[in-house]
file final37.cif (mmCIF, C-alpha atoms)
data_model
loop_
_atom_site.label_atom_id
_atom_site.label_comp_id
_atom_site.auth_asym_id
_atom_site.auth_seq_id
_atom_site.Cartn_x
_atom_site.Cartn_y
_atom_site.Cartn_z
CA MET A 10 105.60 22.45 -18.25
CA LYS A 11 106.29 18.87 -19.23
CA LYS A 12 108.41 16.86 -16.86
CA ASN A 13 111.50 14.97 -18.03
CA VAL A 14 111.71 11.24 -17.50
CA LEU A 15 115.01 9.55 -18.29
CA ILE A 16 114.87 5.84 -19.07
CA ILE A 17 118.16 3.99 -18.82
CA GLY A 18 118.14 0.82 -20.90
CA GLY A 19 116.39 0.26 -24.22
CA GLY A 20 115.32 -3.35 -23.86
CA PRO A 21 111.68 -4.43 -23.71
CA ALA A 22 111.16 -2.87 -20.25
CA GLY A 23 112.58 0.52 -21.25
CA MET A 24 110.75 0.57 -24.58
CA GLU A 25 107.36 -0.34 -23.15
CA ALA A 26 107.79 2.16 -20.28
CA ALA A 27 108.82 4.87 -22.74
CA HIS A 28 105.65 4.27 -24.74
CA GLN A 29 103.39 4.39 -21.68
CA ILE A 30 105.04 7.40 -20.01
CA ASN A 31 104.92 9.27 -23.30
CA LYS A 32 101.20 8.49 -23.56
CA LEU A 33 100.70 9.83 -20.05
CA GLY A 34 101.97 13.18 -21.31
CA HIS A 35 105.55 13.39 -20.05
CA ASN A 36 108.74 14.10 -21.92
CA VAL A 37 110.64 10.83 -22.30
CA ILE A 38 114.32 10.43 -23.09
CA LEU A 39 115.51 6.85 -23.52
CA ILE A 40 119.17 5.89 -23.67
CA GLU A 41 120.66 2.57 -24.77
CA LYS A 42 124.33 1.58 -24.70
CA GLU A 43 124.08 -0.75 -27.70
CA HIS A 44 123.60 0.34 -31.29
CA ASP A 45 120.09 -1.13 -31.52
CA LEU A 46 117.08 -1.13 -29.26
CA GLY A 47 115.59 -4.37 -28.01
CA GLY A 48 118.18 -5.80 -25.62
CA HIS A 49 118.24 -9.57 -25.46
CA LEU A 50 114.88 -9.77 -27.22
CA ALA A 51 116.54 -8.54 -30.42
CA LYS A 52 118.91 -11.50 -30.27
CA TRP A 53 116.18 -14.09 -29.73
CA ASP A 54 114.41 -15.96 -32.50
CA ARG A 55 111.25 -17.37 -30.91
CA LEU A 56 109.63 -17.05 -27.49
CA PHE A 57 108.23 -19.64 -25.10
CA PRO A 58 105.71 -21.12 -24.56
CA THR A 59 103.99 -20.59 -27.93
CA GLY A 60 107.00 -20.17 -30.21
CA ARG A 61 105.91 -16.60 -30.99
CA ASN A 62 108.28 -14.80 -33.32
CA ALA A 63 110.44 -12.46 -31.20
CA ARG A 64 110.75 -10.06 -34.10
CA GLU A 65 107.00 -9.39 -34.10
CA VAL A 66 107.00 -8.54 -30.40
CA LEU A 67 109.98 -6.26 -30.89
CA ASP A 68 108.43 -4.58 -33.92
CA THR A 69 105.35 -3.68 -31.89
CA LEU A 70 107.54 -2.21 -29.14
CA LYS A 71 109.49 -0.23 -31.75
CA GLU A 72 106.33 0.97 -33.46
CA ASN A 73 105.10 2.35 -30.13
CA MET A 74 108.39 4.18 -29.64
CA LYS A 75 107.86 6.45 -32.66
CA GLY A 76 108.42 10.10 -31.87
CA ILE A 77 110.16 9.43 -28.56
CA ASN A 78 113.60 10.90 -27.91
CA CYS A 79 116.02 8.06 -28.04
CA PHE A 80 119.83 7.96 -27.91
CA THR A 81 121.52 4.69 -28.82
CA ASP A 82 125.26 4.01 -28.47
CA THR A 83 124.94 6.18 -25.39
CA GLU A 84 125.85 5.62 -21.77
CA VAL A 85 125.56 7.60 -18.58
CA LYS A 86 128.81 9.35 -17.71
CA SER A 87 127.84 10.84 -14.38
CA ILE A 88 124.83 11.85 -12.33
CA ASN A 89 124.49 14.82 -10.00
CA ILE A 90 121.85 14.26 -7.38
CA LEU A 91 119.95 17.53 -6.95
CA LYS A 92 117.18 18.35 -4.49
CA GLU A 93 114.22 17.24 -6.58
CA SER A 94 115.83 16.15 -9.81
CA TYR A 95 118.82 14.44 -11.35
CA ASN A 96 121.37 16.09 -13.58
CA VAL A 97 122.54 13.33 -15.89
CA ILE A 98 125.54 13.75 -18.19
CA LEU A 99 125.56 11.37 -21.14
CA SER A 100 128.50 10.01 -23.12
CA ASN A 101 127.30 11.89 -26.22
CA GLY A 102 127.84 15.22 -24.43
CA ILE A 103 124.18 15.91 -23.76
CA THR A 104 123.05 16.82 -20.25
CA ILE A 105 119.55 16.00 -19.07
CA LEU A 106 117.72 17.41 -16.10
CA ALA A 107 115.50 14.49 -15.19
CA ASP A 108 112.57 14.77 -12.78
CA ALA A 109 112.38 11.01 -12.65
CA VAL A 110 114.75 8.23 -13.66
CA LEU A 111 113.68 4.75 -14.66
CA ILE A 112 116.30 2.03 -14.52
CA SER A 113 115.50 -0.73 -16.97
CA SER A 114 119.01 -2.07 -17.21
CA GLY A 115 118.00 -5.73 -17.49
CA PHE A 116 120.56 -8.47 -17.21
CA ASP A 117 123.81 -9.85 -18.60
CA LEU A 118 123.78 -13.42 -19.74
CA PHE A 119 125.97 -15.57 -17.50
CA ASP A 120 129.40 -16.05 -19.10
CA ALA A 121 129.49 -19.80 -19.73
CA HIS A 122 133.30 -19.76 -19.97
CA LYS A 123 133.30 -19.56 -16.19
CA LYS A 124 131.94 -23.10 -15.91
CA GLU A 125 135.17 -24.49 -17.31
CA GLU A 126 134.11 -28.08 -16.63
CA TYR A 127 131.47 -27.72 -19.38
CA GLY A 128 134.10 -26.71 -21.91
CA TYR A 129 132.47 -23.67 -23.51
CA GLY A 130 135.07 -22.02 -25.72
CA ILE A 131 137.32 -25.06 -25.23
CA TYR A 132 135.49 -27.88 -27.05
CA ASP A 133 134.19 -27.55 -30.60
CA HIS A 134 130.56 -28.46 -30.04
CA VAL A 135 129.55 -26.71 -26.85
CA ILE A 136 127.25 -23.71 -27.35
CA THR A 137 124.93 -21.57 -25.21
CA ASN A 138 121.20 -20.88 -25.40
CA ALA A 139 122.01 -17.47 -26.91
CA ASP A 140 124.24 -19.07 -29.57
CA LEU A 141 121.40 -21.42 -30.46
CA GLU A 142 118.93 -18.55 -30.88
CA LYS A 143 121.45 -16.85 -33.13
CA TYR A 144 121.71 -20.06 -35.13
CA TYR A 145 117.92 -20.23 -35.46
CA LYS A 146 118.00 -16.69 -36.85
CA THR A 147 120.96 -17.07 -39.19
CA HIS A 148 121.48 -20.83 -39.69
CA ASN A 149 125.14 -20.16 -39.55
CA ASP A 150 127.24 -21.77 -36.83
CA GLU A 151 130.21 -24.02 -37.49
CA ARG A 152 129.68 -25.83 -34.21
CA ILE A 153 126.31 -27.21 -35.31
CA LYS A 154 126.90 -29.86 -37.98
CA ASN A 155 123.99 -32.23 -38.38
CA PRO A 156 124.13 -33.49 -34.76
CA LYS A 157 122.73 -36.94 -34.06
CA ARG A 158 122.51 -36.56 -30.32
CA ILE A 159 122.03 -33.26 -28.55
CA GLY A 160 122.09 -32.42 -24.85
CA PHE A 161 120.76 -29.42 -22.95
CA VAL A 162 122.19 -28.52 -19.56
CA HIS A 163 119.82 -26.54 -17.36
CA CYS A 164 120.99 -24.16 -14.59
CA VAL A 165 124.35 -23.07 -16.03
CA GLY A 166 125.45 -20.28 -13.75
CA SER A 167 122.18 -20.48 -11.83
CA ARG A 168 121.56 -22.23 -8.52
CA ASP A 169 125.32 -22.43 -8.26
CA GLU A 170 127.15 -21.11 -5.25
CA LYS A 171 130.51 -21.78 -6.89
CA VAL A 172 129.91 -19.06 -9.46
CA GLY A 173 128.37 -16.74 -6.89
CA ASN A 174 124.76 -17.13 -7.96
CA ILE A 175 122.47 -19.15 -5.76
CA ALA A 176 119.34 -17.84 -7.47
CA CYS A 177 117.19 -19.52 -10.11
CA SER A 178 117.11 -17.58 -13.39
CA LYS A 179 113.46 -18.45 -13.88
CA VAL A 180 113.27 -18.55 -17.67
CA CYS A 181 115.87 -21.18 -18.63
CA CYS A 182 113.69 -24.25 -17.95
CA ALA A 183 111.00 -23.14 -20.36
CA THR A 184 113.64 -21.86 -22.81
CA ALA A 185 115.46 -25.21 -22.75
CA VAL A 186 112.28 -27.17 -23.44
CA LYS A 187 111.34 -24.74 -26.21
CA GLN A 188 114.80 -24.94 -27.80
CA ALA A 189 114.83 -28.74 -27.44
CA CYS A 190 111.59 -28.98 -29.45
CA GLU A 191 112.94 -26.55 -32.05
CA ILE A 192 116.19 -28.42 -32.54
CA LYS A 193 114.28 -31.65 -32.88
CA GLU A 194 112.27 -30.01 -35.63
CA GLU A 195 115.48 -28.94 -37.31
CA PHE A 196 117.23 -32.31 -36.99
CA LYS A 197 114.41 -34.83 -37.07
CA ASP A 198 116.57 -37.93 -36.56
CA ALA A 199 118.43 -36.49 -33.60
CA GLU A 200 118.00 -37.72 -30.06
CA VAL A 201 117.50 -34.83 -27.64
CA ILE A 202 118.17 -35.02 -23.90
CA CYS A 203 117.55 -32.38 -21.23
CA PHE A 204 119.53 -32.59 -18.00
CA TYR A 205 117.65 -30.79 -15.25
CA MET A 206 117.62 -30.52 -11.45
CA ASP A 207 114.01 -29.40 -11.16
CA LEU A 208 111.78 -28.48 -14.05
CA ARG A 209 110.21 -25.17 -13.10
CA MET A 210 107.33 -24.95 -15.54
CA PHE A 211 105.35 -22.43 -13.52
CA GLY A 212 103.67 -20.26 -16.13
CA ARG A 213 100.58 -20.51 -18.24
CA GLY A 214 101.22 -22.87 -21.12
CA TYR A 215 104.60 -24.04 -19.83
CA GLU A 216 103.40 -27.41 -18.62
CA ASP A 217 101.71 -27.90 -22.00
CA LEU A 218 105.06 -27.19 -23.62
CA TYR A 219 106.68 -29.83 -21.41
CA LEU A 220 104.02 -32.37 -22.32
CA LYS A 221 104.40 -31.55 -26.00
CA ALA A 222 108.18 -31.99 -25.72
CA GLN A 223 107.65 -35.49 -24.35
CA LYS A 224 104.70 -36.58 -26.47
CA GLU A 225 105.32 -34.98 -29.84
CA TYR A 226 109.06 -34.50 -29.87
CA GLY A 227 110.20 -37.44 -27.77
CA ILE A 228 112.62 -35.37 -25.72
CA ARG A 229 114.23 -37.38 -22.92
CA PHE A 230 114.40 -35.69 -19.53
CA ILE A 231 117.08 -36.83 -17.10
CA ARG A 232 117.06 -35.57 -13.55
CA GLY A 233 120.67 -34.87 -12.74
CA ARG A 234 123.14 -32.06 -13.06
CA VAL A 235 125.92 -32.53 -15.59
CA SER A 236 129.13 -32.67 -13.59
CA GLU A 237 131.73 -32.64 -16.35
CA VAL A 238 132.23 -32.70 -20.08
CA SER A 239 135.20 -33.94 -22.07
CA GLU A 240 135.97 -34.14 -25.76
CA ASN A 241 136.59 -37.39 -27.62
CA ILE A 242 139.23 -37.70 -30.31
CA ASP A 243 136.54 -37.39 -33.02
CA LYS A 244 135.42 -34.10 -31.41
CA SER A 245 132.21 -35.59 -30.05
CA LEU A 246 131.53 -34.91 -26.39
CA GLN A 247 131.49 -37.27 -23.46
CA ILE A 248 129.34 -36.07 -20.61
CA LYS A 249 128.84 -37.30 -17.08
CA ALA A 250 125.75 -36.88 -14.90
CA GLU A 251 123.94 -38.92 -12.36
CA ASP A 252 120.55 -40.21 -13.35
CA THR A 253 119.33 -39.49 -9.84
CA LEU A 254 116.01 -41.24 -10.43
CA SER A 255 117.67 -44.56 -11.16
CA SER A 256 120.42 -43.62 -8.75
CA LYS A 257 123.23 -44.49 -11.13
CA PRO A 258 126.09 -42.49 -12.57
CA MET A 259 125.57 -42.09 -16.28
CA LYS A 260 127.70 -41.23 -19.29
CA VAL A 261 126.60 -40.37 -22.77
CA SER A 262 128.31 -39.13 -25.90
CA LEU A 263 126.82 -36.16 -27.70
CA ASP A 264 127.43 -34.24 -30.91
CA LEU A 265 126.18 -30.96 -29.51
CA LEU A 266 125.78 -29.61 -26.01
CA VAL A 267 123.69 -26.52 -25.27
CA LEU A 268 124.34 -24.69 -22.01
CA MET A 269 121.37 -22.80 -20.57
CA ALA A 270 123.21 -19.72 -19.34
CA GLY A 271 121.26 -17.84 -16.70
CA MET A 272 120.79 -14.20 -15.78
CA ARG A 273 123.32 -12.04 -13.97
CA PRO A 274 122.81 -8.42 -12.88
CA SER A 275 123.69 -6.02 -15.67
CA LYS A 276 127.18 -4.65 -15.12
CA SER A 277 126.42 -1.28 -16.66
CA GLY A 278 123.15 -1.16 -14.70
CA ASN A 279 125.07 -1.69 -11.49
CA ASP A 280 127.44 1.15 -12.44
CA ILE A 281 124.40 3.46 -12.62
CA GLY A 282 123.31 2.06 -9.26
CA LYS A 283 126.61 3.15 -7.78
CA MET A 284 126.21 6.68 -9.16
CA LEU A 285 122.78 6.88 -7.53
CA GLU A 286 123.87 5.05 -4.38
CA LEU A 287 121.22 2.38 -4.81
CA SER A 288 121.40 -0.82 -2.84
CA THR A 289 121.32 -4.34 -4.21
CA MET A 290 120.36 -7.62 -2.59
CA GLU A 291 122.75 -10.50 -2.10
CA ASP A 292 122.04 -11.72 -5.63
CA GLY A 293 123.34 -8.43 -7.07
CA PHE A 294 119.98 -7.23 -8.41
CA PHE A 295 118.49 -3.95 -7.14
CA ASN A 296 116.52 -3.67 -3.93
CA THR A 297 113.00 -2.33 -4.28
CA LYS A 298 111.47 0.06 -1.77
CA ASP A 299 109.16 -2.70 -0.58
CA ASP A 300 109.02 -6.24 -1.88
CA PHE A 301 105.22 -6.26 -2.02
CA ASN A 302 103.78 -2.77 -2.10
CA ASN A 303 106.45 -0.79 -3.94
CA LEU A 304 108.03 -3.05 -6.51
CA GLN A 305 108.77 -0.30 -9.01
CA GLN A 306 110.21 2.28 -6.63
CA SER A 307 113.76 2.43 -5.38
CA LYS A 308 114.59 3.74 -1.94
CA ARG A 309 115.61 7.01 -3.57
CA PRO A 310 112.69 9.35 -4.45
CA GLY A 311 112.28 9.75 -8.18
CA VAL A 312 114.25 6.64 -9.13
CA PHE A 313 112.24 3.67 -10.41
CA TYR A 314 112.83 0.18 -11.74
CA ALA A 315 111.25 -1.99 -14.38
CA GLY A 316 112.06 -5.51 -15.50
CA VAL A 317 115.01 -7.73 -14.69
CA ALA A 318 116.94 -4.93 -12.94
CA THR A 319 115.21 -6.24 -9.80
CA GLY A 320 115.67 -9.96 -10.51
CA PRO A 321 114.96 -12.55 -13.21
CA LYS A 322 111.60 -12.24 -14.94
CA THR A 323 109.86 -13.54 -18.02
CA LEU A 324 109.12 -11.17 -20.89
CA PRO A 325 105.40 -10.73 -20.12
CA GLU A 326 106.27 -10.00 -16.48
CA THR A 327 108.86 -7.47 -17.61
CA LEU A 328 106.38 -5.69 -19.88
CA ASN A 329 103.83 -5.57 -17.07
CA GLU A 330 106.44 -4.07 -14.76
CA ALA A 331 107.16 -1.42 -17.36
CA ARG A 332 103.47 -0.49 -17.47
CA SER A 333 103.25 -0.39 -13.71
CA ALA A 334 106.43 1.71 -13.46
CA ALA A 335 104.91 4.18 -15.93
CA LEU A 336 101.91 4.61 -13.66
CA GLU A 337 104.08 4.98 -10.55
CA ILE A 338 106.21 7.62 -12.27
CA HIS A 339 103.10 9.45 -13.44
CA ASN A 340 101.73 9.55 -9.88
CA TYR A 341 105.09 10.63 -8.49
CA LEU A 342 105.36 13.51 -10.96
CA ALA A 343 101.81 14.61 -10.16
CA GLU A 344 102.63 14.69 -6.46
CA THR A 345 105.86 16.66 -6.87
CA LEU A 346 104.31 19.34 -9.10
CA MET B 3 101.84 -72.23 16.81
CA ILE B 4 101.08 -74.07 13.59
CA ASP B 5 103.62 -73.46 10.87
CA PHE B 6 101.73 -72.68 7.68
CA GLY B 7 104.94 -72.27 5.72
CA PHE B 8 104.53 -68.49 5.44
CA LYS B 9 106.73 -65.85 6.90
CA LEU B 10 106.59 -62.09 7.16
CA SER B 11 109.08 -60.06 5.18
CA PRO B 12 110.50 -57.12 7.06
CA SER B 13 109.09 -53.86 5.71
CA SER B 14 111.39 -51.92 3.43
CA ARG B 15 109.32 -48.79 3.88
CA ILE B 16 111.19 -45.76 5.17
CA ASP B 17 109.86 -44.97 8.64
CA LEU B 18 110.51 -41.33 9.46
CA ASP B 19 109.32 -41.95 13.03
CA LYS B 20 112.38 -44.10 13.59
CA VAL B 21 114.93 -41.54 12.41
CA ASP B 22 117.50 -40.72 15.10
CA ARG B 23 117.17 -36.92 15.14
CA THR B 24 120.01 -36.48 17.62
CA LEU B 25 122.39 -38.19 15.21
CA LEU B 26 121.31 -35.87 12.39
CA LYS B 27 121.73 -32.90 14.69
CA ARG B 28 125.24 -33.98 15.64
CA ILE B 29 126.20 -34.24 11.98
CA ALA B 30 124.59 -30.91 11.15
CA ASP B 31 126.27 -29.21 14.10
CA MET B 32 129.65 -30.39 12.93
CA GLU B 33 128.85 -29.88 9.23
CA PRO B 34 126.16 -27.20 8.77
CA ASP B 35 126.41 -27.65 4.99
CA PHE B 36 124.95 -31.14 5.42
CA LYS B 37 121.51 -29.51 5.21
CA LYS B 38 122.23 -27.73 1.93
CA CYS B 39 122.13 -30.70 -0.48
CA MET B 40 119.58 -30.31 -3.30
CA ALA B 41 120.13 -33.82 -4.67
CA CYS B 42 121.41 -32.73 -8.09
CA GLY B 43 123.70 -35.76 -8.32
CA SER B 44 126.85 -33.91 -9.46
CA CYS B 45 128.90 -35.63 -6.76
CA SER B 46 127.73 -39.10 -7.74
CA ALA B 47 128.15 -38.39 -11.44
CA THR B 48 131.76 -37.41 -11.02
CA CYS B 49 132.73 -39.92 -8.31
CA SER B 50 135.85 -41.93 -9.18
CA ALA B 51 134.58 -44.97 -7.31
CA GLY B 52 130.90 -44.64 -8.21
CA ALA B 53 131.15 -46.25 -11.63
CA TYR B 54 132.35 -49.50 -10.04
CA LYS B 55 130.92 -49.69 -6.54
CA ALA B 56 127.70 -48.20 -5.19
CA THR B 57 129.23 -45.00 -3.90
CA SER B 58 127.27 -41.78 -3.68
CA MET B 59 127.43 -38.75 -1.45
CA ARG B 60 123.92 -37.83 -2.52
CA ARG B 61 122.52 -41.23 -1.51
CA ALA B 62 124.49 -41.18 1.74
CA ILE B 63 122.93 -37.86 2.76
CA LEU B 64 119.48 -39.12 1.78
CA ALA B 65 119.99 -42.37 3.70
CA LEU B 66 120.98 -40.45 6.84
CA GLN B 67 117.92 -38.22 6.53
CA ASN B 68 115.82 -41.37 6.28
CA GLY B 69 117.45 -42.94 9.29
CA LEU B 70 119.37 -45.59 7.35
CA THR B 71 122.77 -45.10 8.95
CA ASN B 72 124.25 -48.39 7.78
CA LYS B 73 123.16 -47.75 4.23
CA ALA B 74 124.83 -44.31 4.41
CA LEU B 75 128.09 -45.84 5.57
CA GLU B 76 127.94 -48.45 2.81
CA GLU B 77 127.60 -45.65 0.28
CA LEU B 78 130.82 -44.09 1.54
CA GLU B 79 132.74 -47.33 2.08
CA SER B 80 134.53 -47.26 -1.27
CA CYS B 81 135.31 -43.53 -1.13
CA MET B 82 138.97 -42.83 -1.84
CA LEU B 83 138.72 -39.25 -0.61
CA CYS B 84 139.83 -37.91 -3.97
CA GLY B 85 137.66 -34.82 -3.46
CA LYS B 86 136.25 -34.54 -6.99
CA CYS B 87 132.74 -34.32 -5.54
CA THR B 88 133.79 -31.22 -3.61
CA LEU B 89 134.92 -29.61 -6.85
CA VAL B 90 131.60 -30.05 -8.63
CA CYS B 91 129.09 -29.43 -5.82
CA PRO B 92 127.01 -26.40 -6.90
CA ARG B 93 126.01 -25.70 -3.33
CA GLY B 94 129.64 -25.45 -2.29
CA ILE B 95 129.45 -28.28 0.25
CA ASN B 96 132.83 -29.54 1.38
CA THR B 97 131.75 -33.10 0.66
CA ARG B 98 135.16 -34.60 1.36
CA HIS B 99 135.16 -33.14 4.85
CA LEU B 100 131.54 -34.16 5.31
CA ILE B 101 132.37 -37.79 4.50
CA LEU B 102 135.08 -37.81 7.17
CA SER B 103 132.71 -36.27 9.71
CA ILE B 104 129.93 -38.74 8.97
CA GLN B 105 132.35 -41.60 9.45
CA LYS B 106 133.63 -40.03 12.64
CA ILE B 107 130.11 -39.70 14.07
CA CYS B 108 128.46 -42.85 12.72
CA GLY B 109 131.52 -45.06 12.87
CA GLU B 110 133.34 -46.51 9.92
CA LYS B 111 132.07 -49.73 8.46
#
call {"tool": "encode", "arguments": {"input": "final37.cif", "output": "structure tokens"}}
result
Amino acid sequence: MKKNVLIIGGGPAGMEAAHQINKLGHNVILIEKEHDLGGHLAKWDRLFPTGRNAREVLDTLKENMKGINCFTDTEVKSINILKESYNVILSNGITILADAVLISSGFDLFDAHKKEEYGYGIYDHVITNADLEKYYKTHNDERIKNPKRIGFVHCVGSRDEKVGNIACSKVCCATAVKQACEIKEEFKDAEVICFYMDLRMFGRGYEDLYLKAQKEYGIRFIRGRVSEVSENIDKSLQIKAEDTLSSKPMKVSLDLLVLMAGMRPSKSGNDIGKMLELSTMEDGFFNTKDDFNNLQQSKRPGVFYAGVATGPKTLPETLNEARSAALEIHNYLAETL
Amino acid sequence: MIDFGFKLSPSSRIDLDKVDRTLLKRIADMEPDFKKCMACGSCSATCSAGAYKATSMRRAILALQNGLTNKALEELESCMLCGKCTLVCPRGINTRHLILSIQKICGEK
């Protein structure tokens, strides 16, 4: 008899895992709280470092999902922990007896309103990285009106003890540089400035992207964290930072400010964690069974993780985790036959 | 000795061998957060005095780590203890308190 695998979260991690576990011959049920599959990927326009169309990546993931049981607009209501399985009651009234559970709950984007000093939701021309991706997709945002000078603030809600997140969100540096190049392409006469603390261009092709941003797009990089933003009477923005390399406080007026909001643990994912009594680390993301040898397993037998549920990751890393979780689940089910 | 009209300029190189480690330890013991600075510059950017006089918490911490105690005190000389730097520090350092402790240990200028 086929074994049931429940996947919680229909972002890239959940979708890729569903495809692989299905191929390995198990019965997959995927649930997603939103109306559409794809998670944050569905809201993104292009991907770093190559500018690959996010839609194409998502379409491939969706194509691979064909024929797999999938409930959208659905959440977990409660979970009964049985001896060798999990009895999961869903918000659509369906009950699933799962032999294994994969948590691919991903992340919530940091709520930029919390950094009040940057004025998101207060000033007219302050947006987030997610807003900018939406603009690239729709070209419809009242806050973006032919800006002449544009600033990007790295590490918004990351590396920040004040907001309760000391961790680096890993992907915002490369995203900021990517978005800076894109906005320069959109507004060719605009001056674009990135305010960073450290540029963490660790992945393949990222450093090339950085070089391209300097050489081809003329993006200015200033090493200093923006400390505060205020609005001028003409609705332009006045921002303060220290140019730490010249060791001088600096001010500059901008027409558009983009806040690189980081990753926070998914709230609904953490609710599932509570139902399953799973532990998290100090950063709020789930604890793995071992941080080298068992990255996909939780401390509870039969419960697995893939993707950002266990901390910030890039999309390729997330997809690889999904594949590795599929294999771990397959081995687990073979052992518990 | 014959005077050739040349003189040696004192080296401006930072010499880590000459850093007074006991002084740093005393500051760190009193203010453990002293070690947490990641040099982002938020404090200096927002400093009320910094736009007019060379005043910077970030530079003061760096100067102390490099053994330049006088330079550190100069950086804090114009501080009005308004505390704005404490508000913006992403590492949650109580910079205002740290300034007072540094002056207590190193002596005010």
call {"tool": "residues_around", "arguments": {"input": "final37.cif", "residues": "Ser333 of chain A", "least_positions_apart": "4", "cutoff": "10 Å", "atoms": "only C-alpha atoms", "output": "short mmCIF file (atom, residue, chain, number, x, y, z; two decimals) with C-alpha atoms, in the frame of the given file"}}
result
data_model
loop_
_atom_site.label_atom_id
_atom_site.label_comp_id
_atom_site.auth_asym_id
_atom_site.auth_seq_id
_atom_site.Cartn_x
_atom_site.Cartn_y
_atom_site.Cartn_z
CA ALA A 26 107.79 2.16 -20.28
CA GLN A 29 103.39 4.39 -21.68
CA LEU A 304 108.03 -3.05 -6.51
CA GLN A 305 108.77 -0.30 -9.01
CA TYR A 314 112.83 0.18 -11.74
CA ALA A 315 111.25 -1.99 -14.38
CA THR A 327 108.86 -7.47 -17.61
CA LEU A 328 106.38 -5.69 -19.88
CA ASN A 329 103.83 -5.57 -17.07
CA GLU A 337 104.08 4.98 -10.55
CA ILE A 338 106.21 7.62 -12.27
CA HIS A 339 103.10 9.45 -13.44
#
call {"tool": "resolve_selection", "arguments": {"input": "final37.cif", "expression": "the PyMOL selection byres ((chain A) within 8 of (chain B))", "output": "MDAnalysis selection string"}}
result
chainID A and resid 168:171 175 206 232:237 249:253 256:259
call {"tool": "resolve_selection", "arguments": {"input": "final37.cif", "expression": "the PyMOL selection byres ((chain B and resi 97) around 8)", "output": "ChimeraX atom specification"}}
result
/B:59,85,87-88,91,95-96,98-101
call {"tool": "write_last_selection", "arguments": {"input": "final37.cif", "atoms": "C-alpha atoms", "output": "PDB file, in the coordinates of the input"}}
result
ATOM      1  CA  MET B  59     127.430 -38.750  -1.450  1.00  0.00           C
ATOM      2  CA  GLY B  85     137.660 -34.820  -3.460  1.00  0.00           C
ATOM      3  CA  CYS B  87     132.740 -34.320  -5.540  1.00  0.00           C
ATOM      4  CA  THR B  88     133.790 -31.220  -3.610  1.00  0.00           C
ATOM      5  CA  CYS B  91     129.090 -29.430  -5.820  1.00  0.00           C
ATOM      6  CA  ILE B  95     129.450 -28.280   0.250  1.00  0.00           C
ATOM      7  CA  ASN B  96     132.830 -29.540   1.380  1.00  0.00           C
ATOM      8  CA  ARG B  98     135.160 -34.600   1.360  1.00  0.00           C
ATOM      9  CA  HIS B  99     135.160 -33.140   4.850  1.00  0.00           C
ATOM     10  CA  LEU B 100     131.540 -34.160   5.310  1.00  0.00           C
ATOM     11  CA  ILE B 101     132.370 -37.790   4.500  1.00  0.00           C
TER      12      ILE B 101
END
call {"tool": "resolve_selection", "arguments": {"input": "final37.cif", "expression": "the PyMOL selection byres ((chain B and resi 62) around 10)", "output": "list in words"}}
result
Thr57, Ser58, Met59, Arg60, Arg61, Ile63, Leu64, Ala65, Leu66, Gln67, Asn68, Leu70, Thr71, Asn72, Lys73, Ala74, Leu75, Glu76, Glu77, Leu78, Ile101 and Ile104 of chain B
call {"tool": "atom_distance", "arguments": {"input": "final37.cif", "atom1": "atom CA of Ile136 of chain A", "atom2": "atom CA of Asp198 of chain A"}}
result
20.0 Å
call {"tool": "axis_aligned_box", "arguments": {"input": "final37.cif", "around": "segment 76-88 of chain B", "padding_each_side": "4 Å", "output": "JSON"}}
result
{"center_x": 133.7, "center_y": -39.8, "center_z": -2.1, "size_x": 20.2, "size_y": 25.2, "size_z": 17.8}
call {"tool": "residues_near_point", "arguments": {"input": "final37.cif", "point": "(108.8, 4.8, -5.8)", "cutoff": "10 Å", "atoms": "only C-alpha atoms", "output": "number ranges by chain"}}
result
A: 109, 297-299, 302-314, 334, 337-338, 340-341
call {"tool": "residues_around", "arguments": {"input": "final37.cif", "residues": "Gly212 of chain A", "least_positions_apart": "2", "cutoff": "12 Å", "atoms": "only C-alpha atoms", "output": "ChimeraX atom specification"}}
result
/A:57-59,179-180,182-183,208-210,214-219,322-326
call {"tool": "atom_distance", "arguments": {"input": "final37.cif", "atom1": "atom CA of Thr24 of chain B", "atom2": "atom CA of Leu83 of chain B"}}
result
26.3 Å
call {"tool": "atom_distance", "arguments": {"input": "final37.cif", "atom1": "atom CA of Val238 of chain A", "atom2": "atom CA of Glu126 of chain A"}}
result
6.1 Å
call {"tool": "residues_around", "arguments": {"input": "final37.cif", "residues": "Leu287 of chain A", "least_positions_apart": "3", "cutoff": "9 Å", "atoms": "only C-alpha atoms", "output": "PyMOL selection string"}}
result
chain A and resi 279+281-284+295-296+307-309
call {"tool": "residues_near_point", "arguments": {"input": "final37.cif", "point": "(111.9, -41.7, 12.7)", "cutoff": "10 Å", "atoms": "all atoms listed in the file", "output": "ChimeraX atom specification"}}
result
/B:16-23,67-70
call {"tool": "closest_residue", "arguments": {"input": "final37.cif", "among": "B:Lys38, B:Leu25, B:Ser11, B:Ser80", "to": "Ile107 of chain B", "atoms": "all atoms listed in the file"}}
result
B:Leu25
call {"tool": "residues_around", "arguments": {"input": "final37.cif", "residues": "Val172 of chain A", "least_positions_apart": "4", "cutoff": "8 Å", "atoms": "only C-alpha atoms", "output": "PyMOL selection string"}}
result
chain A and resi 123-124+166
call {"tool": "closest_residue", "arguments": {"input": "final37.cif", "among": "A:Ala343, A:Ala27, A:Ala176, A:Ile192", "to": "Val110 of chain A", "atoms": "all atoms listed in the file"}}
result
A:Ala27
